[in-house]
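Coordinates from work_22.cif are shown below (mmCIF, C-alpha atoms).
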```
data_target
loop_
_atom_site.group_PDB
_atom_site.id
_atom_site.type_symbol
_atom_site.label_atom_id
_atom_site.label_comp_id
_atom_site.auth_asym_id
_atom_site.auth_seq_id
_atom_site.Cartn_x
_atom_site.Cartn_y
_atom_site.Cartn_z
ATOM 1 C CA MET V 1 -34.113 -5.353 5.614
ATOM 2 C CA LYS V 2 -34.755 -6.080 9.274
ATOM 3 C CA PHE V 3 -34.966 -9.440 11.004
ATOM 4 C CA HIS V 4 -37.333 -10.085 13.907
ATOM 5 C CA PHE V 5 -37.438 -12.971 16.393
ATOM 6 C CA SER V 6 -37.983 -13.783 20.067
ATOM 7 C CA GLY V 7 -34.734 -14.119 21.998
ATOM 8 C CA HIS V 8 -33.232 -14.343 25.442
ATOM 9 C CA ILE V 9 -29.839 -13.707 27.028
ATOM 10 C CA LEU V 10 -27.369 -16.551 27.410
ATOM 11 C CA SER V 11 -24.320 -16.504 29.658
ATOM 12 C CA GLU V 12 -21.367 -18.563 28.457
ATOM 13 C CA ASN V 13 -17.699 -18.389 29.478
ATOM 14 C CA GLY V 14 -18.303 -15.040 31.152
ATOM 15 C CA GLU V 15 -19.871 -13.514 28.051
ATOM 16 C CA LEU V 16 -23.488 -12.450 27.555
ATOM 17 C CA LYS V 17 -25.133 -12.947 24.181
ATOM 18 C CA ILE V 18 -28.350 -13.435 22.208
ATOM 19 C CA ASN V 19 -28.329 -16.301 19.733
ATOM 20 C CA ILE V 20 -29.601 -15.535 16.215
ATOM 21 C CA PRO V 21 -31.909 -18.462 15.321
ATOM 22 C CA PHE V 22 -30.944 -18.732 11.652
ATOM 23 C CA ASN V 23 -27.902 -19.027 9.406
ATOM 24 C CA VAL V 24 -26.926 -15.445 8.593
ATOM 25 C CA TRP V 25 -24.863 -16.428 5.535
ATOM 26 C CA GLU V 26 -27.770 -18.330 4.022
ATOM 27 C CA VAL V 27 -30.469 -15.778 4.814
ATOM 28 C CA CYS V 28 -28.685 -12.446 4.477
ATOM 29 C CA ASP V 29 -26.149 -13.364 1.786
ATOM 30 C CA SER V 30 -23.494 -11.626 3.911
ATOM 31 C CA GLN V 31 -20.240 -12.863 5.425
ATOM 32 C CA GLY V 32 -17.256 -11.508 7.344
ATOM 33 C CA VAL V 33 -17.453 -8.806 9.986
ATOM 34 C CA LEU V 34 -21.110 -7.792 10.172
ATOM 35 C CA THR V 35 -22.127 -4.544 11.865
ATOM 36 C CA ILE V 36 -25.738 -4.340 12.984
ATOM 37 C CA SER V 37 -28.241 -1.967 14.519
ATOM 38 C CA VAL V 38 -30.281 -3.859 17.115
ATOM 39 C CA ASN V 39 -33.415 -3.148 19.145
ATOM 40 C CA ALA V 40 -34.114 -5.328 22.187
ATOM 41 C CA MET V 41 -35.081 -4.928 25.851
ATOM 42 C CA ASP V 42 -36.342 -1.390 25.084
ATOM 43 C CA LEU V 43 -32.777 -0.473 24.072
ATOM 44 C CA SER V 44 -31.117 0.367 20.753
ATOM 45 C CA TRP V 45 -27.424 -0.029 19.984
ATOM 46 C CA GLU V 46 -24.890 -0.844 17.265
ATOM 47 C CA CYS V 47 -22.339 -3.655 17.475
ATOM 48 C CA ASN V 48 -20.478 -6.299 15.491
ATOM 49 C CA LEU V 49 -21.950 -9.782 15.465
ATOM 50 C CA THR V 50 -19.875 -12.500 17.129
ATOM 51 C CA PRO V 51 -19.255 -15.417 14.719
ATOM 52 C CA LEU V 52 -19.829 -18.977 15.912
ATOM 53 C CA GLY V 53 -18.776 -20.518 12.600
ATOM 54 C CA LYS V 54 -20.424 -21.734 9.377
ATOM 55 C CA GLY V 55 -22.807 -18.773 9.156
ATOM 56 C CA TYR V 56 -24.095 -18.670 12.722
ATOM 57 C CA TYR V 57 -23.655 -15.560 14.884
ATOM 58 C CA THR V 58 -24.611 -14.121 18.252
ATOM 59 C CA ILE V 59 -25.422 -10.578 19.336
ATOM 60 C CA PRO V 60 -23.091 -9.493 22.162
ATOM 61 C CA VAL V 61 -24.759 -7.939 25.202
ATOM 62 C CA THR V 62 -23.184 -5.918 28.013
ATOM 63 C CA GLU V 63 -23.956 -6.447 31.699
ATOM 64 C CA GLN V 64 -25.586 -3.028 31.805
ATOM 65 C CA GLN V 65 -27.871 -3.883 28.863
ATOM 66 C CA ALA V 66 -28.753 -7.260 30.386
ATOM 67 C CA GLU V 67 -29.601 -5.930 33.832
ATOM 68 C CA GLY V 68 -33.131 -6.964 34.775
ATOM 69 C CA HIS V 69 -33.614 -9.060 31.613
ATOM 70 C CA MET V 70 -31.657 -12.256 32.293
ATOM 71 C CA GLU V 71 -34.748 -14.424 32.834
ATOM 72 C CA GLU V 72 -36.911 -12.829 30.160
ATOM 73 C CA GLU V 73 -37.830 -13.660 26.600
ATOM 74 C CA PHE V 74 -38.178 -10.518 24.518
ATOM 75 C CA PRO V 75 -38.564 -9.383 20.883
ATOM 76 C CA VAL V 76 -35.324 -8.719 19.006
ATOM 77 C CA THR V 77 -35.033 -6.783 15.742
ATOM 78 C CA PHE V 78 -31.769 -6.132 13.938
ATOM 79 C CA GLU V 79 -30.539 -4.773 10.615
ATOM 80 C CA ILE V 80 -27.153 -5.316 8.961
ATOM 81 C CA LEU V 81 -25.571 -1.924 8.331
ATOM 82 C CA ASN V 82 -22.658 -2.946 6.094
ATOM 83 C CA ARG V 83 -24.411 -5.367 3.717
ATOM 84 C CA SER V 84 -23.876 -4.818 -0.014
ATOM 85 C CA PRO V 85 -27.008 -5.228 -2.161
ATOM 86 C CA HIS V 86 -27.111 -7.926 -4.830
ATOM 87 C CA TYR V 87 -28.104 -5.441 -7.553
ATOM 88 C CA ARG V 88 -26.266 -2.262 -8.430
ATOM 89 C CA GLY V 89 -27.302 0.343 -10.941
ATOM 90 C CA ASP V 90 -30.679 1.307 -12.305
ATOM 91 C CA SER V 91 -33.718 -0.932 -12.625
ATOM 92 C CA PRO V 92 -36.419 -0.579 -15.302
ATOM 93 C CA TYR V 93 -38.970 -1.216 -12.521
ATOM 94 C CA SER V 94 -40.119 0.650 -9.426
ATOM 95 C CA ALA V 95 -42.815 0.441 -6.771
ATOM 96 C CA ALA V 96 -44.891 2.773 -8.960
ATOM 97 C CA GLN V 97 -44.233 0.660 -12.061
ATOM 98 C CA PRO V 98 -43.529 -2.922 -10.928
ATOM 99 C CA ILE V 99 -43.080 -5.885 -13.224
ATOM 100 C CA ARG V 100 -46.707 -6.724 -12.355
ATOM 101 C CA ARG V 101 -49.395 -6.107 -9.740
ATOM 102 C CA ILE V 102 -49.857 -9.203 -7.585
ATOM 103 C CA ASP V 103 -53.551 -10.114 -7.631
ATOM 104 C CA SER V 104 -53.130 -13.874 -8.122
ATOM 105 C CA VAL V 105 -50.477 -16.595 -8.168
ATOM 106 C CA LYS V 106 -49.982 -19.245 -10.867
ATOM 107 C CA LEU V 107 -48.163 -22.391 -9.772
ATOM 108 C CA ILE V 108 -44.679 -23.074 -11.112
ATOM 109 C CA THR V 109 -42.751 -26.156 -9.988
ATOM 110 C CA GLN V 110 -39.005 -26.655 -9.947
ATOM 111 C CA PRO V 111 -37.553 -29.364 -12.214
ATOM 112 C CA ASN V 112 -34.965 -30.341 -9.592
ATOM 113 C CA ASP V 113 -34.007 -29.468 -6.011
ATOM 114 C CA GLY V 114 -32.218 -26.210 -5.250
ATOM 115 C CA LEU V 115 -34.406 -23.855 -7.279
ATOM 116 C CA CYS V 116 -37.243 -23.172 -4.824
ATOM 117 C CA GLY V 117 -36.214 -19.562 -4.210
ATOM 118 C CA GLN V 118 -36.005 -18.782 -7.911
ATOM 119 C CA THR V 119 -39.362 -20.517 -8.420
ATOM 120 C CA CYS V 120 -41.019 -18.322 -5.773
ATOM 121 C CA ILE V 121 -39.671 -15.224 -7.509
ATOM 122 C CA ALA V 122 -40.963 -16.533 -10.853
ATOM 123 C CA MET V 123 -44.466 -17.032 -9.404
ATOM 124 C CA LEU V 124 -44.505 -13.578 -7.807
ATOM 125 C CA ALA V 125 -43.114 -11.804 -10.871
ATOM 126 C CA GLY V 126 -45.196 -13.721 -13.423
ATOM 127 C CA VAL V 127 -42.143 -14.860 -15.382
ATOM 128 C CA THR V 128 -40.714 -18.264 -16.274
ATOM 129 C CA LEU V 129 -38.284 -20.070 -13.987
ATOM 130 C CA ASP V 130 -35.477 -19.589 -16.527
ATOM 131 C CA GLU V 131 -36.196 -15.858 -16.618
ATOM 132 C CA ALA V 132 -36.176 -15.697 -12.800
ATOM 133 C CA CYS V 133 -32.794 -17.460 -12.663
ATOM 134 C CA GLU V 134 -31.407 -14.993 -15.198
ATOM 135 C CA ILE V 135 -32.791 -11.977 -13.312
ATOM 136 C CA MET V 136 -31.405 -13.265 -9.992
ATOM 137 C CA HIS V 137 -28.017 -14.259 -11.446
ATOM 138 C CA CYS V 138 -27.970 -17.446 -9.402
ATOM 139 C CA ARG V 139 -27.916 -21.177 -10.039
ATOM 140 C CA ASP V 140 -29.086 -24.180 -8.019
ATOM 141 C CA TRP V 141 -28.835 -23.709 -4.210
ATOM 142 C CA GLN V 142 -27.821 -20.038 -4.572
ATOM 143 C CA ALA V 143 -31.138 -18.253 -3.881
ATOM 144 C CA SER V 144 -30.617 -16.846 -0.396
ATOM 145 C CA MET V 145 -33.361 -14.765 1.185
ATOM 146 C CA GLY V 146 -31.068 -11.766 0.787
ATOM 147 C CA LYS V 147 -30.936 -12.284 -2.991
ATOM 148 C CA MET V 148 -34.682 -12.810 -3.089
ATOM 149 C CA VAL V 149 -35.335 -9.541 -1.248
ATOM 150 C CA ASP V 150 -32.935 -7.660 -3.523
ATOM 151 C CA THR V 151 -34.705 -9.171 -6.544
ATOM 152 C CA LEU V 152 -38.115 -8.111 -5.245
ATOM 153 C CA ASP V 153 -36.760 -4.568 -4.899
ATOM 154 C CA TYR V 154 -35.279 -4.701 -8.408
ATOM 155 C CA LEU V 155 -38.635 -5.841 -9.826
ATOM 156 C CA GLY V 156 -40.599 -3.171 -7.940
ATOM 157 C CA LEU V 157 -42.522 -5.790 -5.935
ATOM 158 C CA GLU V 158 -43.250 -4.246 -2.551
ATOM 159 C CA HIS V 159 -42.801 -6.183 0.661
ATOM 160 C CA GLU V 160 -42.670 -5.610 4.387
ATOM 161 C CA ASN V 161 -39.265 -4.462 5.610
ATOM 162 C CA VAL V 162 -39.096 -7.138 8.332
ATOM 163 C CA ILE V 163 -38.581 -10.889 8.057
ATOM 164 C CA HIS V 164 -40.433 -12.537 10.947
ATOM 165 C CA TYR V 165 -38.842 -15.635 12.449
ATOM 166 C CA THR V 166 -41.623 -17.613 14.093
ATOM 167 C CA GLN V 167 -39.483 -20.624 15.113
ATOM 168 C CA GLY V 168 -42.435 -22.989 14.864
ATOM 169 C CA ALA V 169 -44.929 -20.812 16.751
ATOM 170 C CA GLU V 170 -48.474 -20.566 15.380
ATOM 171 C CA VAL V 171 -49.057 -17.207 13.666
ATOM 172 C CA SER V 172 -51.647 -15.537 11.461
ATOM 173 C CA LEU V 173 -50.012 -15.364 8.045
ATOM 174 C CA PRO V 174 -50.605 -12.396 5.719
ATOM 175 C CA LYS V 175 -52.468 -12.714 2.428
ATOM 176 C CA CYS V 176 -49.241 -13.178 0.481
ATOM 177 C CA ALA V 177 -45.834 -14.183 1.807
ATOM 178 C CA ILE V 178 -42.662 -16.081 1.093
ATOM 179 C CA LEU V 179 -42.426 -18.858 3.679
ATOM 180 C CA MET V 180 -39.198 -20.449 4.888
ATOM 181 C CA GLU V 181 -39.449 -24.088 5.857
ATOM 182 C CA LYS V 182 -36.518 -25.896 7.469
ATOM 183 C CA MET V 183 -35.430 -28.962 5.514
ATOM 184 C CA GLY V 184 -32.198 -30.567 6.651
ATOM 185 C CA ARG V 185 -29.264 -28.180 6.279
ATOM 186 C CA TYR V 186 -31.145 -25.752 4.054
ATOM 187 C CA SER V 187 -34.304 -23.674 4.003
ATOM 188 C CA HIS V 188 -37.067 -24.558 1.566
ATOM 189 C CA TYR V 189 -39.067 -21.654 0.151
ATOM 190 C CA LEU V 190 -42.733 -21.644 -0.808
ATOM 191 C CA LEU V 191 -45.512 -19.088 -1.204
ATOM 192 C CA CYS V 192 -48.799 -18.570 0.559
ATOM 193 C CA TYR V 193 -51.489 -16.577 -1.199
ATOM 194 C CA ASP V 194 -55.036 -16.077 0.042
ATOM 195 C CA GLY V 195 -54.993 -19.194 2.220
ATOM 196 C CA THR V 196 -53.451 -21.494 -0.412
ATOM 197 C CA TYR V 197 -49.848 -22.708 -0.418
ATOM 198 C CA TYR V 198 -47.781 -22.887 -3.597
ATOM 199 C CA ASP V 199 -44.885 -25.275 -3.052
ATOM 200 C CA PRO V 200 -42.253 -25.461 -5.832
ATOM 201 C CA THR V 201 -41.814 -29.166 -5.030
ATOM 202 C CA MET V 202 -45.207 -30.434 -3.813
ATOM 203 C CA GLY V 203 -47.525 -28.255 -5.896
ATOM 204 C CA ILE V 204 -50.679 -26.594 -4.549
ATOM 205 C CA LEU V 205 -51.445 -27.361 -0.897
ATOM 206 C CA ASP V 206 -54.511 -26.494 1.157
ATOM 207 C CA ASN V 207 -52.690 -26.766 4.487
ATOM 208 C CA PHE V 208 -49.246 -26.075 5.893
ATOM 209 C CA ASP V 209 -47.939 -27.305 9.248
ATOM 210 C CA GLN V 210 -46.559 -24.199 10.946
ATOM 211 C CA LYS V 211 -44.384 -26.353 13.194
ATOM 212 C CA ASN V 212 -42.110 -26.531 10.157
ATOM 213 C CA LEU V 213 -42.201 -22.772 9.560
ATOM 214 C CA VAL V 214 -38.953 -20.921 10.241
ATOM 215 C CA GLY V 215 -40.210 -17.492 9.214
ATOM 216 C CA TYR V 216 -41.924 -15.418 6.549
ATOM 217 C CA LEU V 217 -41.710 -12.216 4.531
ATOM 218 C CA GLU V 218 -44.972 -10.458 3.689
ATOM 219 C CA ILE V 219 -45.448 -9.461 0.044
ATOM 220 C CA LYS V 220 -47.759 -6.533 -0.708
ATOM 221 C CA THR V 221 -50.710 -7.211 -3.026
ATOM 222 C CA VAL V 222 -53.263 -5.074 -4.836
#
```

Written as structure tokens, that's how I'd like the structure from this file.
Amino acid sequence: MKFHFSGHILSENGELKINIPFNVWEVCDSQGVLTISVNAMDLSWECNLTPLGKGYYTIPVTEQQAEGHMEEEFPVTFEILNRSPHYRGDSPYSAAQPIRRIDSVKLITQPNDGLCGQTCIAMLAGVTLDEACEIMHCRDWQASMGKMVDTLDYLGLEHENVIHYTQGAEVSLPKCAILMEKMGRYSHYLLCYDGTYYDPTMGILDNFDQKNLVGYLEIKTV
């Protein structure tokens, strides 16, 4: 899975870096020393992320890489190379034989906070919330985007291989996507499908304020 956002170079204490605009622990379900492949400024390289603490990291940049780009904003895409997937072993599903073909979405709401990610998976997969929690092997507040992506793969539900971080910018959303909305310390997950928003807390919504949108993952439909 790749992560895409607009970034720029910062200089601090003699070091050059690009801030990652999201909590890597929460989104990627990965901790420790993280090795990435990054594309930015028309360059590609591998490096270890620099930890800032509590799940936030920066991408280190050399003076040679930064030359001519210090005042620019540019697209950044990176992929974690040493991340372990949530699922191991065989799945009864595949892209050719998924758990279902997504041609509609039926609303499911969460009974309490902390289950929005599992609820989105339940709506996409056409299963109950309890079944989604069992498939994902996670309880309240444990559904990171990384676990959600791994679950989509396990269920044979196809998706784009890039999570787009819009950081509040207005974008044209795809027909179906998991949306990440910033709420306090955590991200809140909801679905958009064919211009309608399915919020595990608020129910069906006709509109969504993209100023609150952190990013989205496109889900492939029939």

Polymer residues at most 8 Å from Leu213 in chain V, all atoms listed in the file, same-chain spacing of 2 or more positions, as an MDAnalysis selection string:
chainID V and resid 166:169 179:182 209:211 215:216

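Restricting the calculation to all atoms listed in the file, the smallest distance between Leu49 in chain V and any of V:Lys175, V:Lys17, V:Arg100, V:His164 is found for V:Lys17.
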
Nearest residue to Gly203 in chain V out of V:Ile9, V:Ile108, V:Ala40, V:Val76, using only C-alpha atoms?
V:Ile108

Given all atoms listed in the file as the counted atoms, nearest of V:Ala143, V:Val24, V:Val149, V:Leu173 to Asp113 in chain V:
V:Ala143

Nearest to Glu170 in chain V by atom-to-atom distance, counting all atoms listed in the file, from V:Ser187, V:Phe208, V:Glu158, V:Thr151
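Comparing V:Ser187, V:Phe208, V:Glu158, V:Thr151 against Glu170 in chain V, the winner is V:Phe208.
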
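With only C-alpha atoms as the atoms that count, the residue of V:Gly117, V:Gly55, V:Pro174, V:Pro60 with the shortest distance to Tyr193 in chain V is V:Pro174.
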
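In this structure, CA of Leu34 in chain V sits 18.1 Å away from CA of Thr62 in chain V.
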
Protein/DNA/RNA residues near (-33.4, -30.7, -14.0), cut 12 Å, all atoms listed in the file, as a ChimeraX atom specification:
/V:109-115,129-130,139-140

Take CA of Ser37 in chain V and CA of Arg83 in chain V and report the distance between them in Å, one decimal.
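Value for the CA of Ser37 in chain V-CA of Arg83 in chain V distance: 12.0 Å.
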
Counting all atoms listed in the file, which residue out of V:Val33, V:Cys192, V:Met123, V:Ile135 sits closest to Pro51 in chain V?
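Among V:Val33, V:Cys192, V:Met123, V:Ile135, it is V:Val33 that comes nearest to Pro51 in chain V.
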
Distance of CA of Met1 in chain V from CA of Ile59 in chain V, expressed in Å to one decimal place
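Straight-line distance from CA of Ile59 in chain V to CA of Met1 in chain V works out to 17.1 Å.
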
What's the 12 Å shell around Ile18 in chain V, counting all atoms listed in the file, without same-chain residues fewer than 5 positions away, as a CSV table (one decimal) with C-alpha atoms, in the coordinates of the input?
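And here's selection12.csv as it stands now:
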```
chain,number,residue,atom,x,y,z
V,5,PHE,CA,-37.4,-13.0,16.4
V,6,SER,CA,-38.0,-13.8,20.1
V,7,GLY,CA,-34.7,-14.1,22.0
V,8,HIS,CA,-33.2,-14.3,25.4
V,9,ILE,CA,-29.8,-13.7,27.0
V,10,LEU,CA,-27.4,-16.6,27.4
V,11,SER,CA,-24.3,-16.5,29.7
V,12,GLU,CA,-21.4,-18.6,28.5
V,38,VAL,CA,-30.3,-3.9,17.1
V,39,ASN,CA,-33.4,-3.1,19.1
V,40,ALA,CA,-34.1,-5.3,22.2
V,41,MET,CA,-35.1,-4.9,25.9
V,49,LEU,CA,-22.0,-9.8,15.5
V,50,THR,CA,-19.9,-12.5,17.1
V,51,PRO,CA,-19.3,-15.4,14.7
V,52,LEU,CA,-19.8,-19.0,15.9
V,56,TYR,CA,-24.1,-18.7,12.7
V,57,TYR,CA,-23.7,-15.6,14.9
V,58,THR,CA,-24.6,-14.1,18.3
V,59,ILE,CA,-25.4,-10.6,19.3
V,60,PRO,CA,-23.1,-9.5,22.2
V,61,VAL,CA,-24.8,-7.9,25.2
V,62,THR,CA,-23.2,-5.9,28.0
V,65,GLN,CA,-27.9,-3.9,28.9
V,66,ALA,CA,-28.8,-7.3,30.4
V,69,HIS,CA,-33.6,-9.1,31.6
V,70,MET,CA,-31.7,-12.3,32.3
V,72,GLU,CA,-36.9,-12.8,30.2
V,73,GLU,CA,-37.8,-13.7,26.6
V,74,PHE,CA,-38.2,-10.5,24.5
V,75,PRO,CA,-38.6,-9.4,20.9
V,76,VAL,CA,-35.3,-8.7,19.0
V,77,THR,CA,-35.0,-6.8,15.7
V,78,PHE,CA,-31.8,-6.1,13.9
```

Fewer than 4 positions away in the same chain doesn't count, so skip those; otherwise give me all residues within 8 Å of Ile99 in chain V, counting all atoms listed in the file, as a list in words.
Tyr93, Ala125, Leu155, Gly156 and Leu157 of chain V

Selection under test: the PyMOL selection byres ((chain V and resi 47) around 7); residues as an MDAnalysis selection string:
chainID V and resid 35:37 45:46 48:49

Residues just named, written with C-alpha atoms as a tab-separated table (two decimals), keeping the file's coordinate frame:
```tsv
chain	number	residue	atom	x	y	z
V	35	THR	CA	-22.13	-4.54	11.86
V	36	ILE	CA	-25.74	-4.34	12.98
V	37	SER	CA	-28.24	-1.97	14.52
V	45	TRP	CA	-27.42	-0.03	19.98
V	46	GLU	CA	-24.89	-0.84	17.26
V	48	ASN	CA	-20.48	-6.30	15.49
V	49	LEU	CA	-21.95	-9.78	15.46
```

Please identify all polymer residues within 12 Å of Tyr87 in chain V, counting all atoms listed in the file, omitting same-chain residues fewer than 3 positions from it, and present them as an mmCIF file with C-alpha atoms, in the coordinates of the input.
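What follows is the written file selection23.cif:
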```
data_model
loop_
_atom_site.group_PDB
_atom_site.id
_atom_site.type_symbol
_atom_site.label_atom_id
_atom_site.label_comp_id
_atom_site.auth_asym_id
_atom_site.auth_seq_id
_atom_site.Cartn_x
_atom_site.Cartn_y
_atom_site.Cartn_z
ATOM 1 C CA ARG V 83 -24.411 -5.367 3.717
ATOM 2 C CA SER V 84 -23.876 -4.818 -0.014
ATOM 3 C CA ASP V 90 -30.679 1.307 -12.305
ATOM 4 C CA SER V 91 -33.718 -0.932 -12.625
ATOM 5 C CA ILE V 135 -32.791 -11.977 -13.312
ATOM 6 C CA MET V 136 -31.405 -13.265 -9.992
ATOM 7 C CA HIS V 137 -28.017 -14.259 -11.446
ATOM 8 C CA GLY V 146 -31.068 -11.766 0.787
ATOM 9 C CA LYS V 147 -30.936 -12.284 -2.991
ATOM 10 C CA MET V 148 -34.682 -12.810 -3.089
ATOM 11 C CA VAL V 149 -35.335 -9.541 -1.248
ATOM 12 C CA ASP V 150 -32.935 -7.660 -3.523
ATOM 13 C CA THR V 151 -34.705 -9.171 -6.544
ATOM 14 C CA LEU V 152 -38.115 -8.111 -5.245
ATOM 15 C CA ASP V 153 -36.760 -4.568 -4.899
ATOM 16 C CA TYR V 154 -35.279 -4.701 -8.408
ATOM 17 C CA LEU V 155 -38.635 -5.841 -9.826
#
```

Return the padded bounding box of range 106-118 of chain V as JSON: axis-aligned, built from all atoms listed in the file, 3 Å added on each side, with centre and edge lengths in Å to one decimal.
```
{"center_x": -41.1, "center_y": -24.6, "center_z": -8.2, "size_x": 23.8, "size_y": 17.6, "size_z": 14.0}
```
